[in-house]
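Asker: Dropping the structure in here first, questions after.
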Amino acid sequence: MLKQRTASGYSKALLTGIKKSGKQFPCEITSAVFIDERGITLATTTIADLSLKHPEAKVIDTKNNKTVAANIVLAKSAQK
């Protein structure tokens with residue numbers, strides 16, 4: 001994921017996470033690199049527990065994915 005993120009500025013993967021209790025759970029990890037308004041390179045990473053999905057979550061996830069995608073595009077355009 002780090003190689004992919006370094007190459008493209010963004011990476012996403014479906015993995016199996018392990019909670020403190022030792023219980024395994026399906027998760028989606030996304031990570032993006034961007035440059036803030038001061039020119040400092042930053043990264044953000046999220047881990048979404050897919051075992052908690054319910055019908056309303058799809059609507060929320062879709063909105064969040066669109067927001068994240070728009071922010072990545074904005075950050076990349078600011079880099080140029």
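Naming works like this for the structure tokens: A, B, ... for the chains as they're shown, residue 1 at the start of each chain, ligands 1 onward in shown order.
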Just want the 6 Å neighbourhood of segment 24-34 of chain A, counted on only C-alpha atoms, with same-chain residues fewer than 5 positions away dropped. Output as a PyMOL selection string.
Answerer: chain A and resi 9-18+41-50+75
Asker: Convert the current residue selection to file output with N, CA, C and O atoms, as a JSON list (two decimals), in the first residue's frame.
Answerer:
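Writing done, so here's out_17.json:
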[["chain", "number", "residue", "atom", "x", "y", "z"],
["A", 9, "GLY", "N", -0.27, 8.70, -4.94],
["A", 9, "GLY", "CA", -0.80, 9.64, -3.96],
["A", 9, "GLY", "C", -2.00, 9.10, -3.20],
["A", 9, "GLY", "O", -2.52, 9.74, -2.30],
["A", 10, "TYR", "N", -2.44, 7.88, -3.55],
["A", 10, "TYR", "CA", -3.64, 7.32, -2.95],
["A", 10, "TYR", "C", -3.57, 5.80, -3.01],
["A", 10, "TYR", "O", -3.08, 5.22, -3.98],
["A", 11, "SER", "N", -4.05, 5.13, -1.98],
["A", 11, "SER", "CA", -4.15, 3.67, -2.03],
["A", 11, "SER", "C", -5.37, 3.22, -1.22],
["A", 11, "SER", "O", -5.84, 3.92, -0.32],
["A", 12, "LYS", "N", -5.87, 2.04, -1.59],
["A", 12, "LYS", "CA", -7.06, 1.49, -0.96],
["A", 12, "LYS", "C", -6.93, -0.03, -0.97],
["A", 12, "LYS", "O", -6.49, -0.61, -1.97],
["A", 13, "ALA", "N", -7.28, -0.69, 0.14],
["A", 13, "ALA", "CA", -7.18, -2.14, 0.19],
["A", 13, "ALA", "C", -8.23, -2.71, 1.14],
["A", 13, "ALA", "O", -8.63, -2.07, 2.11],
["A", 14, "LEU", "N", -8.67, -3.92, 0.84],
["A", 14, "LEU", "CA", -9.56, -4.68, 1.72],
["A", 14, "LEU", "C", -8.69, -5.69, 2.44],
["A", 14, "LEU", "O", -7.99, -6.48, 1.81],
["A", 15, "LEU", "N", -8.72, -5.65, 3.77],
["A", 15, "LEU", "CA", -7.87, -6.50, 4.58],
["A", 15, "LEU", "C", -8.65, -7.08, 5.75],
["A", 15, "LEU", "O", -9.80, -6.72, 5.98],
["A", 16, "THR", "N", -8.00, -7.96, 6.49],
["A", 16, "THR", "CA", -8.57, -8.47, 7.73],
["A", 16, "THR", "C", -7.81, -7.82, 8.87],
["A", 16, "THR", "O", -6.59, -7.95, 8.96],
["A", 17, "GLY", "N", -8.54, -7.10, 9.72],
["A", 17, "GLY", "CA", -7.94, -6.45, 10.88],
["A", 17, "GLY", "C", -8.09, -7.34, 12.10],
["A", 17, "GLY", "O", -8.86, -8.30, 12.11],
["A", 18, "ILE", "N", -7.32, -7.01, 13.14],
["A", 18, "ILE", "CA", -7.41, -7.75, 14.39],
["A", 18, "ILE", "C", -7.63, -6.74, 15.51],
["A", 18, "ILE", "O", -6.83, -5.82, 15.70],
["A", 41, "THR", "N", 3.90, 18.33, 3.36],
["A", 41, "THR", "CA", 3.35, 17.06, 2.91],
["A", 41, "THR", "C", 2.76, 16.32, 4.10],
["A", 41, "THR", "O", 3.44, 16.12, 5.11],
["A", 42, "LEU", "N", 1.51, 15.93, 3.97],
["A", 42, "LEU", "CA", 0.79, 15.21, 5.03],
["A", 42, "LEU", "C", 0.16, 13.96, 4.44],
["A", 42, "LEU", "O", 0.02, 13.84, 3.22],
["A", 43, "ALA", "N", -0.26, 13.06, 5.30],
["A", 43, "ALA", "CA", -0.95, 11.85, 4.87],
["A", 43, "ALA", "C", -2.13, 11.60, 5.79],
["A", 43, "ALA", "O", -2.10, 11.96, 6.96],
["A", 44, "THR", "N", -3.15, 11.01, 5.24],
["A", 44, "THR", "CA", -4.31, 10.61, 6.04],
["A", 44, "THR", "C", -4.61, 9.14, 5.75],
["A", 44, "THR", "O", -4.49, 8.70, 4.60],
["A", 45, "THR", "N", -4.95, 8.40, 6.78],
["A", 45, "THR", "CA", -5.27, 6.98, 6.64],
["A", 45, "THR", "C", -6.52, 6.69, 7.44],
["A", 45, "THR", "O", -6.66, 7.16, 8.57],
["A", 46, "THR", "N", -7.45, 5.94, 6.85],
["A", 46, "THR", "CA", -8.66, 5.55, 7.57],
["A", 46, "THR", "C", -8.82, 4.03, 7.52],
["A", 46, "THR", "O", -8.43, 3.39, 6.55],
["A", 47, "ILE", "N", -9.39, 3.50, 8.57],
["A", 47, "ILE", "CA", -9.72, 2.07, 8.64],
["A", 47, "ILE", "C", -11.21, 1.98, 8.91],
["A", 47, "ILE", "O", -11.68, 2.48, 9.93],
["A", 48, "ALA", "N", -11.93, 1.36, 7.99],
["A", 48, "ALA", "CA", -13.38, 1.20, 8.14],
["A", 48, "ALA", "C", -13.69, -0.26, 8.47],
["A", 48, "ALA", "O", -13.30, -1.16, 7.72],
["A", 49, "ASP", "N", -14.38, -0.49, 9.56],
["A", 49, "ASP", "CA", -14.80, -1.83, 9.98],
["A", 49, "ASP", "C", -16.01, -2.22, 9.13],
["A", 49, "ASP", "O", -17.10, -1.69, 9.31],
["A", 50, "LEU", "N", -15.81, -3.14, 8.21],
["A", 50, "LEU", "CA", -16.90, -3.54, 7.30],
["A", 50, "LEU", "C", -17.90, -4.49, 7.95],
["A", 50, "LEU", "O", -18.97, -4.71, 7.39],
["A", 75, "ALA", "N", -6.37, 18.64, -3.61],
["A", 75, "ALA", "CA", -4.99, 18.64, -3.11],
["A", 75, "ALA", "C", -4.01, 18.45, -4.24],
["A", 75, "ALA", "O", -2.98, 19.12, -4.30]]
Asker: Among segment 4-36 of chain A, which ones does DSSP place in alpha helix (DSSP H), written as a ChimeraX atom specification?
Answerer: /A:4-8
Asker: Report as a PDB file with N, CA, C and O atoms, in the first residue's frame: the residues of chain A with a DSSP assignment of strand (DSSP E or B), based on the backbone of this structure.
Answerer:
ATOM      1  N   TYR A  10      -2.438   7.885  -3.551  1.00  0.00           N
ATOM      2  CA  TYR A  10      -3.642   7.318  -2.954  1.00  0.00           C
ATOM      3  C   TYR A  10      -3.572   5.798  -3.011  1.00  0.00           C
ATOM      4  O   TYR A  10      -3.078   5.224  -3.979  1.00  0.00           O
ATOM      5  N   SER A  11      -4.051   5.128  -1.979  1.00  0.00           N
ATOM      6  CA  SER A  11      -4.154   3.671  -2.026  1.00  0.00           C
ATOM      7  C   SER A  11      -5.372   3.220  -1.222  1.00  0.00           C
ATOM      8  O   SER A  11      -5.839   3.915  -0.323  1.00  0.00           O
ATOM      9  N   LYS A  12      -5.865   2.043  -1.594  1.00  0.00           N
ATOM     10  CA  LYS A  12      -7.059   1.488  -0.957  1.00  0.00           C
ATOM     11  C   LYS A  12      -6.931  -0.031  -0.973  1.00  0.00           C
ATOM     12  O   LYS A  12      -6.492  -0.608  -1.971  1.00  0.00           O
ATOM     13  N   ALA A  13      -7.285  -0.686   0.139  1.00  0.00           N
ATOM     14  CA  ALA A  13      -7.182  -2.140   0.189  1.00  0.00           C
ATOM     15  C   ALA A  13      -8.232  -2.712   1.138  1.00  0.00           C
ATOM     16  O   ALA A  13      -8.625  -2.072   2.112  1.00  0.00           O
ATOM     17  N   LEU A  14      -8.668  -3.919   0.836  1.00  0.00           N
ATOM     18  CA  LEU A  14      -9.559  -4.679   1.716  1.00  0.00           C
ATOM     19  C   LEU A  14      -8.691  -5.695   2.441  1.00  0.00           C
ATOM     20  O   LEU A  14      -7.989  -6.483   1.808  1.00  0.00           O
ATOM     21  N   LEU A  15      -8.722  -5.646   3.768  1.00  0.00           N
ATOM     22  CA  LEU A  15      -7.866  -6.501   4.584  1.00  0.00           C
ATOM     23  C   LEU A  15      -8.649  -7.085   5.746  1.00  0.00           C
ATOM     24  O   LEU A  15      -9.798  -6.716   5.984  1.00  0.00           O
ATOM     25  N   THR A  16      -7.999  -7.956   6.493  1.00  0.00           N
ATOM     26  CA  THR A  16      -8.566  -8.468   7.726  1.00  0.00           C
ATOM     27  C   THR A  16      -7.811  -7.819   8.870  1.00  0.00           C
ATOM     28  O   THR A  16      -6.587  -7.945   8.964  1.00  0.00           O
ATOM     29  N   GLY A  17      -8.539  -7.096   9.724  1.00  0.00           N
ATOM     30  CA  GLY A  17      -7.942  -6.452  10.884  1.00  0.00           C
ATOM     31  C   GLY A  17      -8.091  -7.337  12.100  1.00  0.00           C
ATOM     32  O   GLY A  17      -8.863  -8.295  12.106  1.00  0.00           O
ATOM     33  N   ILE A  18      -7.324  -7.006  13.137  1.00  0.00           N
ATOM     34  CA  ILE A  18      -7.412  -7.746  14.393  1.00  0.00           C
ATOM     35  C   ILE A  18      -7.628  -6.738  15.512  1.00  0.00           C
ATOM     36  O   ILE A  18      -6.834  -5.817  15.702  1.00  0.00           O
ATOM     37  N   GLN A  24     -10.958 -11.101  14.670  1.00  0.00           N
ATOM     38  CA  GLN A  24     -10.665 -10.605  13.330  1.00  0.00           C
ATOM     39  C   GLN A  24     -11.917  -9.962  12.738  1.00  0.00           C
ATOM     40  O   GLN A  24     -13.035 -10.361  13.060  1.00  0.00           O
ATOM     41  N   PHE A  25     -11.706  -8.958  11.878  1.00  0.00           N
ATOM     42  CA  PHE A  25     -12.836  -8.291  11.239  1.00  0.00           C
ATOM     43  C   PHE A  25     -12.418  -7.805   9.853  1.00  0.00           C
ATOM     44  O   PHE A  25     -11.269  -7.448   9.632  1.00  0.00           O
ATOM     45  N   PRO A  26     -13.362  -7.821   8.896  1.00  0.00           N
ATOM     46  CA  PRO A  26     -13.045  -7.302   7.558  1.00  0.00           C
ATOM     47  C   PRO A  26     -12.969  -5.777   7.617  1.00  0.00           C
ATOM     48  O   PRO A  26     -13.790  -5.135   8.275  1.00  0.00           O
ATOM     49  N   CYS A  27     -11.962  -5.217   6.960  1.00  0.00           N
ATOM     50  CA  CYS A  27     -11.847  -3.764   6.973  1.00  0.00           C
ATOM     51  C   CYS A  27     -11.336  -3.245   5.635  1.00  0.00           C
ATOM     52  O   CYS A  27     -10.756  -3.978   4.845  1.00  0.00           O
ATOM     53  N   GLU A  28     -11.605  -1.976   5.414  1.00  0.00           N
ATOM     54  CA  GLU A  28     -11.117  -1.278   4.229  1.00  0.00           C
ATOM     55  C   GLU A  28     -10.186  -0.177   4.714  1.00  0.00           C
ATOM     56  O   GLU A  28     -10.575   0.637   5.557  1.00  0.00           O
ATOM     57  N   ILE A  29      -8.968  -0.172   4.198  1.00  0.00           N
ATOM     58  CA  ILE A  29      -8.000   0.853   4.577  1.00  0.00           C
ATOM     59  C   ILE A  29      -7.765   1.745   3.368  1.00  0.00           C
ATOM     60  O   ILE A  29      -7.514   1.252   2.265  1.00  0.00           O
ATOM     61  N   THR A  30      -7.897   3.058   3.576  1.00  0.00           N
ATOM     62  CA  THR A  30      -7.592   4.019   2.523  1.00  0.00           C
ATOM     63  C   THR A  30      -6.553   4.990   3.064  1.00  0.00           C
ATOM     64  O   THR A  30      -6.548   5.313   4.247  1.00  0.00           O
ATOM     65  N   SER A  31      -5.678   5.419   2.176  1.00  0.00           N
ATOM     66  CA  SER A  31      -4.629   6.342   2.578  1.00  0.00           C
ATOM     67  C   SER A  31      -4.342   7.287   1.425  1.00  0.00           C
ATOM     68  O   SER A  31      -4.342   6.883   0.261  1.00  0.00           O
ATOM     69  N   ALA A  32      -4.094   8.548   1.739  1.00  0.00           N
ATOM     70  CA  ALA A  32      -3.800   9.552   0.718  1.00  0.00           C
ATOM     71  C   ALA A  32      -2.738  10.515   1.238  1.00  0.00           C
ATOM     72  O   ALA A  32      -2.681  10.814   2.429  1.00  0.00           O
ATOM     73  N   VAL A  33      -1.906  10.974   0.316  1.00  0.00           N
ATOM     74  CA  VAL A  33      -0.887  11.969   0.619  1.00  0.00           C
ATOM     75  C   VAL A  33      -1.320  13.278  -0.029  1.00  0.00           C
ATOM     76  O   VAL A  33      -1.845  13.278  -1.137  1.00  0.00           O
ATOM     77  N   PHE A  34      -1.108  14.386   0.672  1.00  0.00           N
ATOM     78  CA  PHE A  34      -1.458  15.689   0.109  1.00  0.00           C
ATOM     79  C   PHE A  34      -0.542  16.751   0.682  1.00  0.00           C
ATOM     80  O   PHE A  34       0.179  16.510   1.654  1.00  0.00           O
ATOM     81  N   ILE A  35      -0.533  17.907   0.070  1.00  0.00           N
ATOM     82  CA  ILE A  35       0.262  19.032   0.543  1.00  0.00           C
ATOM     83  C   ILE A  35      -0.700  20.109   1.022  1.00  0.00           C
ATOM     84  O   ILE A  35      -1.612  20.499   0.296  1.00  0.00           O
ATOM     85  N   THR A  41       3.900  18.335   3.360  1.00  0.00           N
ATOM     86  CA  THR A  41       3.346  17.061   2.908  1.00  0.00           C
ATOM     87  C   THR A  41       2.759  16.318   4.101  1.00  0.00           C
ATOM     88  O   THR A  41       3.435  16.120   5.110  1.00  0.00           O
ATOM     89  N   LEU A  42       1.510  15.930   3.974  1.00  0.00           N
ATOM     90  CA  LEU A  42       0.789  15.212   5.025  1.00  0.00           C
ATOM     91  C   LEU A  42       0.157  13.962   4.437  1.00  0.00           C
ATOM     92  O   LEU A  42       0.019  13.840   3.221  1.00  0.00           O
ATOM     93  N   ALA A  43      -0.258  13.063   5.299  1.00  0.00           N
ATOM     94  CA  ALA A  43      -0.955  11.853   4.865  1.00  0.00           C
ATOM     95  C   ALA A  43      -2.133  11.604   5.791  1.00  0.00           C
ATOM     96  O   ALA A  43      -2.104  11.959   6.961  1.00  0.00           O
ATOM     97  N   THR A  44      -3.154  11.006   5.240  1.00  0.00           N
ATOM     98  CA  THR A  44      -4.311  10.607   6.039  1.00  0.00           C
ATOM     99  C   THR A  44      -4.607   9.138   5.746  1.00  0.00           C
ATOM    100  O   THR A  44      -4.489   8.695   4.601  1.00  0.00           O
ATOM    101  N   THR A  45      -4.947   8.402   6.781  1.00  0.00           N
ATOM    102  CA  THR A  45      -5.271   6.982   6.639  1.00  0.00           C
ATOM    103  C   THR A  45      -6.525   6.688   7.444  1.00  0.00           C
ATOM    104  O   THR A  45      -6.662   7.160   8.570  1.00  0.00           O
ATOM    105  N   THR A  46      -7.449   5.938   6.854  1.00  0.00           N
ATOM    106  CA  THR A  46      -8.663   5.546   7.566  1.00  0.00           C
ATOM    107  C   THR A  46      -8.823   4.032   7.518  1.00  0.00           C
ATOM    108  O   THR A  46      -8.432   3.388   6.546  1.00  0.00           O
ATOM    109  N   ILE A  47      -9.394   3.498   8.574  1.00  0.00           N
ATOM    110  CA  ILE A  47      -9.716   2.073   8.640  1.00  0.00           C
ATOM    111  C   ILE A  47     -11.211   1.977   8.914  1.00  0.00           C
ATOM    112  O   ILE A  47     -11.684   2.475   9.929  1.00  0.00           O
ATOM    113  N   ALA A  48     -11.935   1.362   7.994  1.00  0.00           N
ATOM    114  CA  ALA A  48     -13.381   1.202   8.145  1.00  0.00           C
ATOM    115  C   ALA A  48     -13.694  -0.257   8.467  1.00  0.00           C
ATOM    116  O   ALA A  48     -13.301  -1.157   7.723  1.00  0.00           O
ATOM    117  N   ASP A  49     -14.384  -0.487   9.561  1.00  0.00           N
ATOM    118  CA  ASP A  49     -14.796  -1.826   9.975  1.00  0.00           C
ATOM    119  C   ASP A  49     -16.005  -2.224   9.135  1.00  0.00           C
ATOM    120  O   ASP A  49     -17.101  -1.693   9.310  1.00  0.00           O
TER     121      ASP A  49
END
Asker: Please, what distance in Å, to one decimal, runs between atom CA of Gln4 of chain A and atom CA of Asp36 of chain A?
Answerer: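 A separation of 20.6 Å between them.
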Asker: From the set A:Ala7, A:Leu2, A:Ser51, A:Gly39, which residue has the shortest atom-to-atom contact distance to Lys23 of chain A, counting only C-alpha atoms?
Answerer: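 Of all the options, A:Ser51 lies closest to Lys23 of chain A.
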Asker: To one decimal in Å, tell me the separation between atom CA of Ser8 of chain A and atom CA of Leu52 of chain A.
Answerer: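 Going from atom CA of Ser8 of chain A over to atom CA of Leu52 of chain A covers 29.3 Å.
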Asker: Just to confirm, what's the straight-line distance from atom CA of Thr6 of chain A to atom CA of Val73 of chain A in Å (one decimal)?
Answerer: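 A separation of 15.7 Å between them.
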